[in-house]
$ cat final-v7.cif   # mmCIF, C-alpha atoms
data_work
#
loop_
_atom_site.label_atom_id
_atom_site.label_comp_id
_atom_site.auth_asym_id
_atom_site.auth_seq_id
_atom_site.Cartn_x
_atom_site.Cartn_y
_atom_site.Cartn_z
CA MET P 1 103.44 24.48 -233.51
CA THR P 2 101.40 21.86 -235.34
CA VAL P 3 102.76 18.37 -235.97
CA LEU P 4 102.94 17.53 -239.70
CA ALA P 5 104.86 14.26 -239.64
CA LEU P 6 106.64 11.99 -237.18
CA ASP P 7 109.91 10.09 -237.15
CA SER P 8 109.07 7.87 -234.18
CA GLU P 9 112.37 6.01 -234.25
CA ARG P 10 114.41 9.20 -233.87
CA ARG P 11 111.75 10.82 -231.63
CA LEU P 12 111.53 13.84 -233.91
CA ALA P 13 108.58 15.61 -235.50
CA LEU P 14 108.33 17.92 -238.47
CA CYS P 15 106.25 20.86 -237.21
CA VAL P 16 104.93 24.07 -238.69
CA GLY P 17 104.56 27.33 -236.77
CA GLU P 18 101.85 29.96 -237.13
CA ASP P 19 104.20 31.88 -239.44
CA GLY P 20 104.47 28.89 -241.80
CA VAL P 21 108.05 28.10 -240.87
CA ARG P 22 108.75 24.37 -240.61
CA SER P 23 111.23 22.90 -238.18
CA GLN P 24 112.37 19.67 -236.62
CA VAL P 25 111.17 19.24 -233.04
CA GLU P 26 112.28 16.85 -230.33
CA THR P 27 109.21 14.98 -229.00
CA ALA P 28 110.70 12.82 -226.24
CA LEU P 29 109.06 14.83 -223.44
CA VAL P 30 105.49 14.74 -224.76
CA GLU P 31 105.10 11.40 -226.50
CA PRO P 32 102.86 10.00 -227.80
CA VAL P 33 101.94 12.73 -230.28
CA ALA P 34 100.11 12.50 -233.59
CA PRO P 35 99.99 14.62 -236.76
CA GLY P 36 97.64 17.57 -236.33
CA GLU P 37 98.34 18.02 -232.61
CA ARG P 38 99.49 21.39 -231.28
CA LEU P 39 102.73 21.46 -229.31
CA LEU P 40 104.30 24.09 -227.09
CA VAL P 41 107.88 24.18 -228.38
CA HIS P 42 110.83 25.75 -226.62
CA ALA P 43 114.33 25.74 -228.11
CA GLY P 44 113.46 22.96 -230.52
CA THR P 45 111.90 20.70 -227.91
CA ALA P 46 108.19 20.15 -227.33
CA ILE P 47 107.56 20.76 -223.63
CA ALA P 48 103.78 20.35 -223.61
CA CYS P 49 101.04 19.05 -225.87
CA LEU P 50 98.29 21.65 -225.98
CA THR P 51 95.69 19.44 -227.61
CA ALA P 52 96.23 16.73 -225.00
CA SER P 53 95.65 19.16 -222.12
CA GLU P 54 92.31 19.43 -220.35
CA TYR P 55 91.79 22.84 -221.99
CA GLY P 56 92.67 21.51 -225.43
CA ARG P 57 90.14 18.73 -225.17
CA MET Q 1 93.34 30.80 -233.41
CA LYS Q 2 92.73 28.44 -230.50
CA PHE Q 3 94.93 28.94 -227.44
CA VAL Q 4 95.74 32.54 -228.46
CA GLU Q 5 92.82 34.72 -229.54
CA GLU Q 6 90.58 33.88 -226.60
CA PHE Q 7 93.33 35.16 -224.29
CA ARG Q 8 93.50 38.56 -226.04
CA ASP Q 9 89.82 39.50 -225.86
CA PRO Q 10 89.60 43.25 -225.06
CA GLU Q 11 86.18 42.98 -223.36
CA LEU Q 12 87.40 40.27 -221.02
CA GLY Q 13 90.52 42.34 -220.39
CA ARG Q 14 88.44 45.33 -219.33
CA ALA Q 15 86.34 43.07 -217.08
CA LEU Q 16 89.48 41.73 -215.38
CA ALA Q 17 90.84 45.27 -214.97
CA GLY Q 18 87.57 46.17 -213.24
CA GLU Q 19 87.89 43.13 -211.00
CA ILE Q 20 91.41 44.20 -210.05
CA LEU Q 21 90.13 47.67 -209.17
CA GLY Q 22 87.53 46.10 -206.91
CA LEU Q 23 90.09 43.96 -205.08
CA VAL Q 24 92.64 46.62 -204.11
CA GLU Q 25 92.40 48.58 -200.88
CA PRO Q 26 92.75 52.32 -201.44
CA GLY Q 27 95.84 53.60 -199.66
CA ARG Q 28 97.67 50.25 -199.88
CA HIS Q 29 100.52 49.85 -202.37
CA TYR Q 30 100.85 46.41 -203.98
CA LYS Q 31 104.17 45.28 -205.39
CA LEU Q 32 104.00 42.12 -207.51
CA MET Q 33 107.08 40.62 -209.15
CA GLU Q 34 107.07 38.56 -212.35
CA VAL Q 35 110.08 36.29 -212.65
CA CYS Q 36 109.83 35.32 -216.29
CA GLY Q 37 111.16 37.39 -219.16
CA GLY Q 38 108.22 36.28 -221.30
CA HIS Q 39 105.87 37.95 -218.82
CA THR Q 40 107.93 41.15 -218.84
CA HIS Q 41 107.78 41.20 -222.63
CA SER Q 42 103.99 40.62 -222.69
CA ILE Q 43 103.32 43.21 -219.98
CA TYR Q 44 104.97 45.94 -222.05
CA LYS Q 45 103.89 44.66 -225.45
CA TYR Q 46 100.20 44.58 -224.51
CA GLY Q 47 100.28 47.52 -222.09
CA VAL Q 48 99.06 45.35 -219.20
CA ASP Q 49 100.42 47.78 -216.61
CA ASP Q 50 98.36 50.59 -218.18
CA LEU Q 51 95.23 48.67 -217.16
CA LEU Q 52 96.24 48.51 -213.50
CA PRO Q 53 95.37 50.98 -210.75
CA ALA Q 54 98.24 53.28 -209.72
CA ASN Q 55 98.74 51.39 -206.46
CA VAL Q 56 99.42 48.04 -208.19
CA GLU Q 57 103.06 48.00 -209.27
CA LEU Q 58 104.66 45.28 -211.38
CA VAL Q 59 108.33 44.64 -210.63
CA HIS Q 60 110.38 42.83 -213.23
CA GLY Q 61 112.55 40.17 -211.62
CA PRO Q 62 115.47 38.06 -212.89
CA GLY Q 63 113.56 35.90 -215.36
CA CYS Q 64 115.27 36.73 -218.62
CA PRO Q 65 117.85 33.97 -219.21
CA VAL Q 66 120.19 36.16 -221.24
CA CYS Q 67 120.02 39.02 -218.73
CA VAL Q 68 121.34 37.01 -215.80
CA ILE Q 69 124.51 35.79 -217.57
CA PRO Q 70 127.51 37.61 -216.04
CA MET Q 71 130.12 39.33 -218.19
CA GLY Q 72 132.86 36.88 -217.29
CA ARG Q 73 130.81 34.02 -218.70
CA VAL Q 74 130.48 35.87 -222.03
CA ASP Q 75 134.25 36.38 -222.06
CA ASP Q 76 134.71 32.65 -221.46
CA GLY Q 77 132.50 31.97 -224.49
CA ILE Q 78 134.47 34.41 -226.62
CA ALA Q 79 137.76 32.78 -225.56
CA LEU Q 80 136.35 29.40 -226.60
CA ALA Q 81 135.09 30.79 -229.90
CA HIS Q 82 138.59 32.03 -230.76
CA GLN Q 83 140.21 28.60 -230.26
CA ASP Q 84 141.51 26.94 -233.42
CA GLY Q 85 139.01 24.72 -235.18
CA VAL Q 86 136.07 25.64 -232.95
CA ILE Q 87 132.58 26.43 -234.24
CA PHE Q 88 130.84 28.24 -231.38
CA THR Q 89 127.04 28.05 -231.45
CA CYS Q 90 124.53 29.97 -229.37
CA PHE Q 91 121.02 31.44 -229.38
CA GLY Q 92 120.48 34.66 -231.33
CA ASP Q 93 120.08 37.07 -228.42
CA MET Q 94 123.27 35.79 -226.77
CA VAL Q 95 125.56 37.05 -229.53
CA ARG Q 96 124.97 40.70 -228.64
CA VAL Q 97 125.49 40.39 -224.88
CA PRO Q 98 128.51 42.50 -224.01
CA GLY Q 99 131.41 40.97 -222.10
CA ALA Q 100 134.49 42.85 -220.95
CA ASN Q 101 136.14 41.99 -224.28
CA GLY Q 102 133.24 42.77 -226.60
CA SER Q 103 130.42 40.47 -227.67
CA LEU Q 104 130.27 37.18 -229.54
CA LEU Q 105 129.04 39.14 -232.55
CA GLU Q 106 132.22 41.22 -232.42
CA ALA Q 107 134.25 38.03 -232.02
CA LYS Q 108 132.56 36.74 -235.19
CA ALA Q 109 133.45 39.97 -236.98
CA ALA Q 110 137.05 39.46 -235.83
CA GLY Q 111 137.16 36.02 -237.44
CA ALA Q 112 135.81 33.57 -234.87
CA ASP Q 113 133.32 31.04 -236.27
CA VAL Q 114 130.26 31.97 -234.20
CA ARG Q 115 126.92 30.65 -235.48
CA ILE Q 116 123.40 31.37 -234.29
CA VAL Q 117 121.21 28.34 -233.72
CA TYR Q 118 117.53 27.98 -232.90
CA SER Q 119 118.02 24.89 -230.76
CA PRO Q 120 120.79 22.63 -229.44
CA LEU Q 121 119.67 20.09 -232.04
CA ASP Q 122 120.83 22.57 -234.72
CA ALA Q 123 124.25 22.71 -233.04
CA LEU Q 124 124.42 18.92 -233.06
CA ARG Q 125 123.55 18.92 -236.76
CA ILE Q 126 126.42 21.38 -237.42
CA ALA Q 127 128.74 19.01 -235.54
CA LYS Q 128 127.69 16.09 -237.75
CA GLN Q 129 128.22 18.19 -240.87
CA ASN Q 130 131.71 19.28 -239.71
CA PRO Q 131 133.41 16.15 -238.30
CA ASP Q 132 136.85 17.79 -238.55
CA ARG Q 133 135.82 20.73 -236.34
CA GLN Q 134 134.92 21.01 -232.65
CA VAL Q 135 131.38 22.36 -232.18
CA VAL Q 136 130.53 23.99 -228.84
CA PHE Q 137 126.98 24.90 -227.84
CA PHE Q 138 126.65 27.77 -225.35
CA ALA Q 139 123.72 26.49 -223.27
CA ILE Q 140 121.80 29.16 -221.38
CA GLY Q 141 118.37 29.37 -219.85
CA PHE Q 142 116.27 28.18 -216.95
CA GLU Q 143 114.60 24.80 -216.54
CA THR Q 144 112.53 25.51 -219.67
CA THR Q 145 115.57 25.18 -221.93
CA ALA Q 146 117.71 22.80 -219.90
CA PRO Q 147 115.78 19.63 -220.92
CA SER Q 148 116.39 20.49 -224.58
CA THR Q 149 120.13 20.64 -223.92
CA ALA Q 150 119.98 17.43 -221.86
CA LEU Q 151 118.18 15.53 -224.62
CA THR Q 152 120.70 16.76 -227.19
CA ILE Q 153 123.61 15.67 -225.00
CA LYS Q 154 122.06 12.21 -224.72
CA ARG Q 155 121.50 12.16 -228.48
CA ALA Q 156 125.14 13.17 -229.10
CA ARG Q 157 126.26 10.29 -226.87
CA ALA Q 158 123.90 7.79 -228.52
CA GLU Q 159 124.91 8.84 -232.05
CA ARG Q 160 128.62 9.04 -231.08
CA VAL Q 161 129.08 12.62 -232.22
CA GLU Q 162 132.46 13.11 -230.58
CA ASN Q 163 133.17 16.63 -231.83
CA PHE Q 164 130.19 18.13 -229.96
CA SER Q 165 130.34 19.66 -226.48
CA VAL Q 166 128.34 22.03 -224.31
CA MET Q 167 129.39 25.09 -222.32
CA CYS Q 168 126.67 24.77 -219.72
CA SER Q 169 125.35 28.00 -218.20
CA HIS Q 170 121.87 26.79 -217.32
CA VAL Q 171 120.38 28.19 -214.15
CA THR Q 172 117.53 27.20 -211.84
CA ILE Q 173 114.68 29.41 -210.71
CA VAL Q 174 114.23 28.65 -207.02
CA PRO Q 175 117.60 29.84 -205.58
CA PRO Q 176 117.35 33.40 -207.01
CA LEU Q 177 113.75 33.65 -205.76
CA ARG Q 178 114.92 32.72 -202.30
CA ALA Q 179 117.78 35.23 -202.58
CA LEU Q 180 115.31 37.95 -203.55
CA LEU Q 181 113.00 37.08 -200.68
CA GLU Q 182 115.96 37.30 -198.29
CA SER Q 183 116.96 40.69 -199.70
CA PRO Q 184 116.31 43.46 -197.16
CA ASP Q 185 115.83 46.19 -199.77
CA LEU Q 186 112.93 44.53 -201.54
CA ARG Q 187 109.38 44.45 -200.20
CA LEU Q 188 107.09 42.32 -202.34
CA ASP Q 189 103.44 41.38 -201.86
CA GLY Q 190 103.36 38.43 -204.26
CA PHE Q 191 104.75 36.74 -207.34
CA ILE Q 192 103.50 36.06 -210.84
CA GLY Q 193 105.07 32.62 -211.24
CA PRO Q 194 106.98 31.60 -214.38
CA GLY Q 195 104.80 29.81 -216.93
CA HIS Q 196 107.12 27.72 -219.05
CA VAL Q 197 109.62 26.94 -216.31
CA SER Q 198 106.64 25.55 -214.40
CA THR Q 199 105.67 23.40 -217.39
CA ILE Q 200 108.88 21.53 -216.56
CA VAL Q 201 109.26 21.84 -212.77
CA GLY Q 202 105.55 22.04 -211.90
CA ALA Q 203 104.05 24.13 -209.13
CA ARG Q 204 105.43 22.19 -206.17
CA PRO Q 205 108.92 23.83 -206.05
CA PHE Q 206 107.25 27.19 -205.31
CA GLU Q 207 105.50 25.99 -202.16
CA PHE Q 208 108.32 27.49 -200.05
CA ILE Q 209 107.21 31.01 -201.03
CA PRO Q 210 103.92 30.93 -199.10
CA ALA Q 211 105.23 28.44 -196.52
CA ASP Q 212 108.49 30.18 -195.56
CA TYR Q 213 107.89 33.78 -196.59
CA GLY Q 214 104.12 34.25 -196.38
CA LYS Q 215 103.74 35.48 -199.98
CA PRO Q 216 101.21 34.28 -202.56
CA ILE Q 217 102.32 33.12 -205.99
CA THR Q 218 100.21 32.45 -209.08
CA ILE Q 219 101.77 30.68 -212.05
CA ALA Q 220 100.64 32.47 -215.20
CA GLY Q 221 100.52 32.11 -218.96
CA PHE Q 222 101.82 34.71 -221.37
CA GLU Q 223 98.80 36.22 -223.06
CA PRO Q 224 97.48 39.51 -221.65
CA LEU Q 225 94.40 37.89 -220.11
CA ASP Q 226 96.58 35.24 -218.48
CA ILE Q 227 98.60 37.92 -216.73
CA LEU Q 228 95.57 39.99 -215.74
CA GLN Q 229 93.83 36.91 -214.37
CA ALA Q 230 96.95 35.96 -212.39
CA ILE Q 231 96.98 39.46 -210.86
CA VAL Q 232 93.31 39.02 -209.91
CA MET Q 233 94.14 35.68 -208.27
CA ILE Q 234 97.05 37.14 -206.27
CA LEU Q 235 95.02 40.16 -205.15
CA ARG Q 236 92.12 37.90 -204.18
CA GLN Q 237 94.48 35.82 -202.04
CA LEU Q 238 95.71 38.99 -200.35
CA ALA Q 239 92.17 40.30 -199.86
CA GLU Q 240 91.04 37.01 -198.33
CA GLY Q 241 94.15 36.64 -196.18
CA ARG Q 242 95.18 33.48 -198.04
CA CYS Q 243 98.68 32.62 -199.12
CA GLU Q 244 99.09 29.75 -201.56
CA VAL Q 245 100.59 28.51 -204.81
CA GLU Q 246 97.90 28.88 -207.46
CA ASN Q 247 98.08 27.80 -211.09
CA GLN Q 248 96.42 30.05 -213.66
CA TYR Q 249 98.32 28.32 -216.51
CA SER Q 250 96.82 24.89 -215.91
CA ARG Q 251 96.38 24.32 -219.65
CA VAL Q 252 100.09 23.45 -219.85
CA VAL Q 253 101.40 23.36 -216.26
CA PRO Q 254 100.77 20.12 -214.34
CA TYR Q 255 101.30 20.46 -210.59
CA GLU Q 256 104.07 17.83 -210.67
CA GLY Q 257 105.73 19.19 -213.83
CA ASN Q 258 107.02 17.14 -216.73
CA ILE Q 259 108.41 14.01 -215.08
CA ARG Q 260 110.35 12.89 -218.18
CA ALA Q 261 112.05 16.28 -218.39
CA LEU Q 262 112.96 16.22 -214.71
CA GLU Q 263 114.40 12.73 -215.08
CA VAL Q 264 116.57 13.58 -218.09
CA MET Q 265 117.83 16.72 -216.36
CA ALA Q 266 118.70 14.72 -213.22
CA GLU Q 267 120.64 12.25 -215.36
CA VAL Q 268 122.60 14.75 -217.45
CA PHE Q 269 123.16 17.66 -215.05
CA GLU Q 270 124.28 18.27 -211.51
CA LEU Q 271 124.19 21.43 -209.44
CA ARG Q 272 127.24 23.64 -209.30
CA PRO Q 273 128.21 24.65 -205.74
CA HIS Q 274 127.89 28.32 -206.79
CA PHE Q 275 126.99 30.23 -209.92
CA GLU Q 276 127.37 33.95 -210.58
CA TRP Q 277 124.27 35.90 -211.61
CA ARG Q 278 124.37 39.29 -213.22
CA GLY Q 279 123.41 41.80 -210.54
CA LEU Q 280 122.71 39.19 -207.89
CA GLY Q 281 126.26 37.89 -207.33
CA PHE Q 282 127.04 34.28 -206.47
CA ILE Q 283 124.05 32.15 -205.50
CA SER Q 284 124.57 28.66 -204.08
CA HIS Q 285 123.28 25.67 -206.05
CA SER Q 286 121.72 27.89 -208.70
CA GLY Q 287 123.62 26.74 -211.80
CA LEU Q 288 123.89 23.44 -213.65
CA LYS Q 289 126.88 21.63 -215.08
CA LEU Q 290 127.21 18.31 -216.83
CA SER Q 291 127.19 15.31 -214.50
CA GLU Q 292 130.21 13.02 -214.17
CA ALA Q 293 128.60 10.54 -216.56
CA TYR Q 294 128.58 13.17 -219.33
CA ALA Q 295 131.73 15.10 -218.39
CA ASP Q 296 133.39 14.15 -221.70
CA LEU Q 297 130.80 16.36 -223.43
CA ASP Q 298 131.52 19.32 -221.14
CA ALA Q 299 133.30 22.09 -223.11
CA GLU Q 300 134.80 23.42 -219.88
CA VAL Q 301 136.50 20.04 -219.38
CA ARG Q 302 137.48 19.60 -223.02
CA PHE Q 303 138.94 23.10 -223.47
CA ALA Q 304 140.86 25.59 -221.34
CA VAL Q 305 138.38 28.27 -220.28
CA PRO Q 306 139.69 31.41 -218.51
CA GLY Q 307 136.91 31.52 -215.90
CA VAL Q 308 137.70 35.13 -215.00
CA ARG Q 309 135.19 37.11 -212.96
CA VAL Q 310 134.45 40.55 -214.42
CA ALA Q 311 132.64 43.34 -212.57
CA ASP Q 312 129.67 44.94 -214.33
CA PRO Q 313 130.32 48.38 -215.86
CA LYS Q 314 129.76 51.12 -213.28
CA ALA Q 315 127.26 52.95 -215.47
CA CYS Q 316 125.10 49.85 -215.85
CA GLN Q 317 122.32 49.32 -213.30
CA CYS Q 318 121.08 45.96 -214.60
CA GLY Q 319 121.54 44.49 -211.13
CA GLU Q 320 119.10 46.95 -209.58
CA VAL Q 321 116.68 46.48 -212.48
CA LEU Q 322 116.84 42.68 -212.09
CA LYS Q 323 116.14 42.97 -208.37
CA GLY Q 324 113.28 45.34 -209.09
CA VAL Q 325 114.90 48.07 -207.01
CA ILE Q 326 114.71 50.55 -209.89
CA LYS Q 327 112.57 50.75 -213.04
CA PRO Q 328 114.34 50.48 -216.41
CA TRP Q 329 113.87 54.18 -217.18
CA GLU Q 330 115.45 55.12 -213.85
CA CYS Q 331 118.83 53.70 -214.95
CA LYS Q 332 121.35 56.46 -215.67
CA VAL Q 333 122.17 55.19 -219.17
CA PHE Q 334 118.72 53.92 -220.25
CA GLY Q 335 117.86 55.03 -223.78
CA THR Q 336 120.93 57.23 -224.09
CA ALA Q 337 124.23 55.37 -223.88
CA CYS Q 338 122.37 52.04 -223.60
CA THR Q 339 119.90 51.12 -226.35
CA PRO Q 340 118.93 47.81 -228.01
CA GLU Q 341 121.25 48.71 -230.91
CA ARG Q 342 124.21 49.37 -228.59
CA PRO Q 343 123.47 47.73 -225.25
CA ILE Q 344 125.69 48.23 -222.22
CA GLY Q 345 123.72 45.92 -219.98
CA THR Q 346 122.11 42.56 -220.59
CA CYS Q 347 118.59 43.81 -219.79
CA MET Q 348 118.75 45.88 -222.97
CA VAL Q 349 119.81 42.96 -225.18
CA SER Q 350 117.09 40.34 -225.14
CA SER Q 351 113.51 41.16 -226.08
CA GLU Q 352 112.64 39.56 -222.73
CA GLY Q 353 114.89 41.96 -220.82
CA ALA Q 354 112.99 44.59 -218.83
CA CYS Q 355 114.94 47.48 -220.38
CA ALA Q 356 114.54 46.30 -223.98
CA ALA Q 357 110.85 45.50 -223.47
CA TYR Q 358 110.26 48.91 -221.97
CA TYR Q 359 112.37 50.64 -224.64
CA ASN Q 360 110.49 48.89 -227.46
CA PHE Q 361 106.95 49.29 -226.13
CA GLY Q 362 106.39 51.01 -222.80
CA ARG Q 363 108.32 54.24 -223.31
CA PHE Q 364 105.79 55.52 -225.81
CA ALA Q 365 102.97 55.40 -223.27
CA ARG Q 366 105.23 57.07 -220.74
CA GLU Q 367 106.17 59.80 -223.22
CA ARG Q 368 102.48 60.52 -223.71
CA GLU Q 369 102.09 60.85 -219.93
CA VAL Q 370 105.03 63.23 -219.71
CA VAL Q 371 103.67 65.41 -222.51
#
$ encode --input "final-v7.cif" --output "structure tokens"
Amino acid sequence: MTVLALDSERRLALCVGEDGVRSQVETALVEPVAPGERLLVHAGTAIACLTASEYGR
Amino acid sequence: MKFVEEFRDPELGRALAGEILGLVEPGRHYKLMEVCGGHTHSIYKYGVDDLLPANVELVHGPGCPVCVIPMGRVDDGIALAHQDGVIFTCFGDMVRVPGANGSLLEAKAAGADVRIVYSPLDALRIAKQNPDRQVVFFAIGFETTAPSTALTIKRARAERVENFSVMCSHVTIVPPLRALLESPDLRLDGFIGPGHVSTIVGARPFEFIPADYGKPITIAGFEPLDILQAIVMILRQLAEGRCEVENQYSRVVPYEGNIRALEVMAEVFELRPHFEWRGLGFISHSGLKLSEAYADLDAEVRFAVPGVRVADPKACQCGEVLKGVIKPWECKVFGTACTPERPIGTCMVSSEGACAAYYNFGRFAREREVV
């Protein structure tokens, strides 16, 4: 999913999936993240930041 | 689309299939087990096994989180869902898993307030919206999902959401792998390691597989080229007489895992002495429960839960399918009495279950072969 906006205080991100569906995602495990970054999301929690990985760079 | 399309390239797929063909010894049978339901789903969806030589067999292990939940645990959930004032929340594929007393979906039809959620955060939101009700989240899954539950439990504590609790049925990946490796009726040559579980736990916990059992393991991603490349890596290890943990999915799996996730899990959960697995029986230290510090958010502490053990239906062979002893289509009720619409066993419920994946995708290729 791609990060659209961040609520840093609550450690949540508004993300959009490839299908256009938007959802709230927990970011505590992958911080810091920024709008535009691609996250691997499982059960509402980002478990990896794809754009921050060696491959993503 | 970056991260996806480059891992579905047909030309590269054919090249990897050729590489596999060059690595296998004629006359030797190779049995490789994947232990992640996502892999099982991808293998059938993309026809990965159709690209393999006849002597390379993929065995579908206990990696589907829904499939390993025993019937008694479903009945416990249903009993909780029927308690006065309870809103029972769970993931979508869990509602159709049959217990001895029906499924959660049937409980909902009978009047229980069962709601499907996408994440534990959704369950917490329902709790905030319904302060006069008790909201229980049925937490299932391996280490991939457990951090999400742990973070939500911490959030519930921090935000003082007192009507929220968790029925914790999370499991861990290493104990069932060890149980399978100790099983006398299963001869395996190597493992395709779980991708997203490893994003959390890293590659290190799998070092016992080569060290203690002399089997190679390659952690793999979920696109067809990921799986084919992982098979190449395992076969190359076997051909070269090596036996190691290798990481094909390095774009998201660090060797040490996600340290923050491991820390939050260690804080919120503790190991149960035993946990029952569908088809595998009780396995020591394989299930998680809430730690003492968070026991007030444990639904099994807050409510009376029957905790009855229920034997699997005799017709159902999910246990043998989960151990890779039989193929889905070899089960007596596959595709007849047991279908995704009316499942008898858990493997037919989730799209990650071997039976459902095969029913939805693989059976068509097999029908062509039969004709």
$ atom_distance --input "final-v7.cif" --atom1 "atom CA of Q:Pro254" --atom2 "atom CA of Q:Gly202"
5.7 Å
$ atom_distance --input "final-v7.cif" --atom1 "atom CA of P:Leu4" --atom2 "atom CA of Q:Asp226"
28.4 Å
$ resolve_selection --input "final-v7.cif" --expression "the PyMOL selection byres ((chain Q) within 12 of (chain P))" --output "JSON, numbers by chain"
{"Q": [1, 2, 3, 4, 90, 91, 92, 117, 118, 119, 120, 121, 122, 123, 124, 125, 139, 140, 141, 142, 143, 144, 145, 146, 147, 148, 149, 150, 151, 152, 154, 155, 158, 159, 195, 196, 197, 198, 199, 200, 201, 202, 248, 249, 250, 251, 252, 253, 254, 257, 258, 259, 260, 261, 262, 263, 264, 265]}
$ write_last_selection --input "final-v7.cif" --atoms "C-alpha atoms" --output "PDB file, in the frame of the given file"
ATOM      1  CA  MET Q   1      93.340  30.800-233.410  1.00  0.00           C
ATOM      2  CA  LYS Q   2      92.730  28.440-230.500  1.00  0.00           C
ATOM      3  CA  PHE Q   3      94.930  28.940-227.440  1.00  0.00           C
ATOM      4  CA  VAL Q   4      95.740  32.540-228.460  1.00  0.00           C
ATOM      5  CA  CYS Q  90     124.530  29.970-229.370  1.00  0.00           C
ATOM      6  CA  PHE Q  91     121.020  31.440-229.380  1.00  0.00           C
ATOM      7  CA  GLY Q  92     120.480  34.660-231.330  1.00  0.00           C
ATOM      8  CA  VAL Q 117     121.210  28.340-233.720  1.00  0.00           C
ATOM      9  CA  TYR Q 118     117.530  27.980-232.900  1.00  0.00           C
ATOM     10  CA  SER Q 119     118.020  24.890-230.760  1.00  0.00           C
ATOM     11  CA  PRO Q 120     120.790  22.630-229.440  1.00  0.00           C
ATOM     12  CA  LEU Q 121     119.670  20.090-232.040  1.00  0.00           C
ATOM     13  CA  ASP Q 122     120.830  22.570-234.720  1.00  0.00           C
ATOM     14  CA  ALA Q 123     124.250  22.710-233.040  1.00  0.00           C
ATOM     15  CA  LEU Q 124     124.420  18.920-233.060  1.00  0.00           C
ATOM     16  CA  ARG Q 125     123.550  18.920-236.760  1.00  0.00           C
ATOM     17  CA  ALA Q 139     123.720  26.490-223.270  1.00  0.00           C
ATOM     18  CA  ILE Q 140     121.800  29.160-221.380  1.00  0.00           C
ATOM     19  CA  GLY Q 141     118.370  29.370-219.850  1.00  0.00           C
ATOM     20  CA  PHE Q 142     116.270  28.180-216.950  1.00  0.00           C
ATOM     21  CA  GLU Q 143     114.600  24.800-216.540  1.00  0.00           C
ATOM     22  CA  THR Q 144     112.530  25.510-219.670  1.00  0.00           C
ATOM     23  CA  THR Q 145     115.570  25.180-221.930  1.00  0.00           C
ATOM     24  CA  ALA Q 146     117.710  22.800-219.900  1.00  0.00           C
ATOM     25  CA  PRO Q 147     115.780  19.630-220.920  1.00  0.00           C
ATOM     26  CA  SER Q 148     116.390  20.490-224.580  1.00  0.00           C
ATOM     27  CA  THR Q 149     120.130  20.640-223.920  1.00  0.00           C
ATOM     28  CA  ALA Q 150     119.980  17.430-221.860  1.00  0.00           C
ATOM     29  CA  LEU Q 151     118.180  15.530-224.620  1.00  0.00           C
ATOM     30  CA  THR Q 152     120.700  16.760-227.190  1.00  0.00           C
ATOM     31  CA  LYS Q 154     122.060  12.210-224.720  1.00  0.00           C
ATOM     32  CA  ARG Q 155     121.500  12.160-228.480  1.00  0.00           C
ATOM     33  CA  ALA Q 158     123.900   7.790-228.520  1.00  0.00           C
ATOM     34  CA  GLU Q 159     124.910   8.840-232.050  1.00  0.00           C
ATOM     35  CA  GLY Q 195     104.800  29.810-216.930  1.00  0.00           C
ATOM     36  CA  HIS Q 196     107.120  27.720-219.050  1.00  0.00           C
ATOM     37  CA  VAL Q 197     109.620  26.940-216.310  1.00  0.00           C
ATOM     38  CA  SER Q 198     106.640  25.550-214.400  1.00  0.00           C
ATOM     39  CA  THR Q 199     105.670  23.400-217.390  1.00  0.00           C
ATOM     40  CA  ILE Q 200     108.880  21.530-216.560  1.00  0.00           C
ATOM     41  CA  VAL Q 201     109.260  21.840-212.770  1.00  0.00           C
ATOM     42  CA  GLY Q 202     105.550  22.040-211.900  1.00  0.00           C
ATOM     43  CA  GLN Q 248      96.420  30.050-213.660  1.00  0.00           C
ATOM     44  CA  TYR Q 249      98.320  28.320-216.510  1.00  0.00           C
ATOM     45  CA  SER Q 250      96.820  24.890-215.910  1.00  0.00           C
ATOM     46  CA  ARG Q 251      96.380  24.320-219.650  1.00  0.00           C
ATOM     47  CA  VAL Q 252     100.090  23.450-219.850  1.00  0.00           C
ATOM     48  CA  VAL Q 253     101.400  23.360-216.260  1.00  0.00           C
ATOM     49  CA  PRO Q 254     100.770  20.120-214.340  1.00  0.00           C
ATOM     50  CA  GLY Q 257     105.730  19.190-213.830  1.00  0.00           C
ATOM     51  CA  ASN Q 258     107.020  17.140-216.730  1.00  0.00           C
ATOM     52  CA  ILE Q 259     108.410  14.010-215.080  1.00  0.00           C
ATOM     53  CA  ARG Q 260     110.350  12.890-218.180  1.00  0.00           C
ATOM     54  CA  ALA Q 261     112.050  16.280-218.390  1.00  0.00           C
ATOM     55  CA  LEU Q 262     112.960  16.220-214.710  1.00  0.00           C
ATOM     56  CA  GLU Q 263     114.400  12.730-215.080  1.00  0.00           C
ATOM     57  CA  VAL Q 264     116.570  13.580-218.090  1.00  0.00           C
ATOM     58  CA  MET Q 265     117.830  16.720-216.360  1.00  0.00           C
TER      59      MET Q 265
END
$ residues_around --input "final-v7.cif" --residues "P:Val16" --least-positions-apart "4" --cutoff "6 Å" --atoms "all atoms listed in the file" --output "ChimeraX atom specification"
/P:1-2,20-22
$ residues_around --input "final-v7.cif" --residues "Q:Ile209" --least-positions-apart "4" --cutoff "10 Å" --atoms "all atoms listed in the file" --output "count of residues only"
15
$ resolve_selection --input "final-v7.cif" --expression "the PyMOL selection byres ((chain P and resi 36) around 6)" --output "VMD selection string"
chain P and resid 2 to 3 35 37
$ atom_distance --input "final-v7.cif" --atom1 "atom CA of Q:Pro131" --atom2 "atom CA of Q:Asp84"
14.3 Å
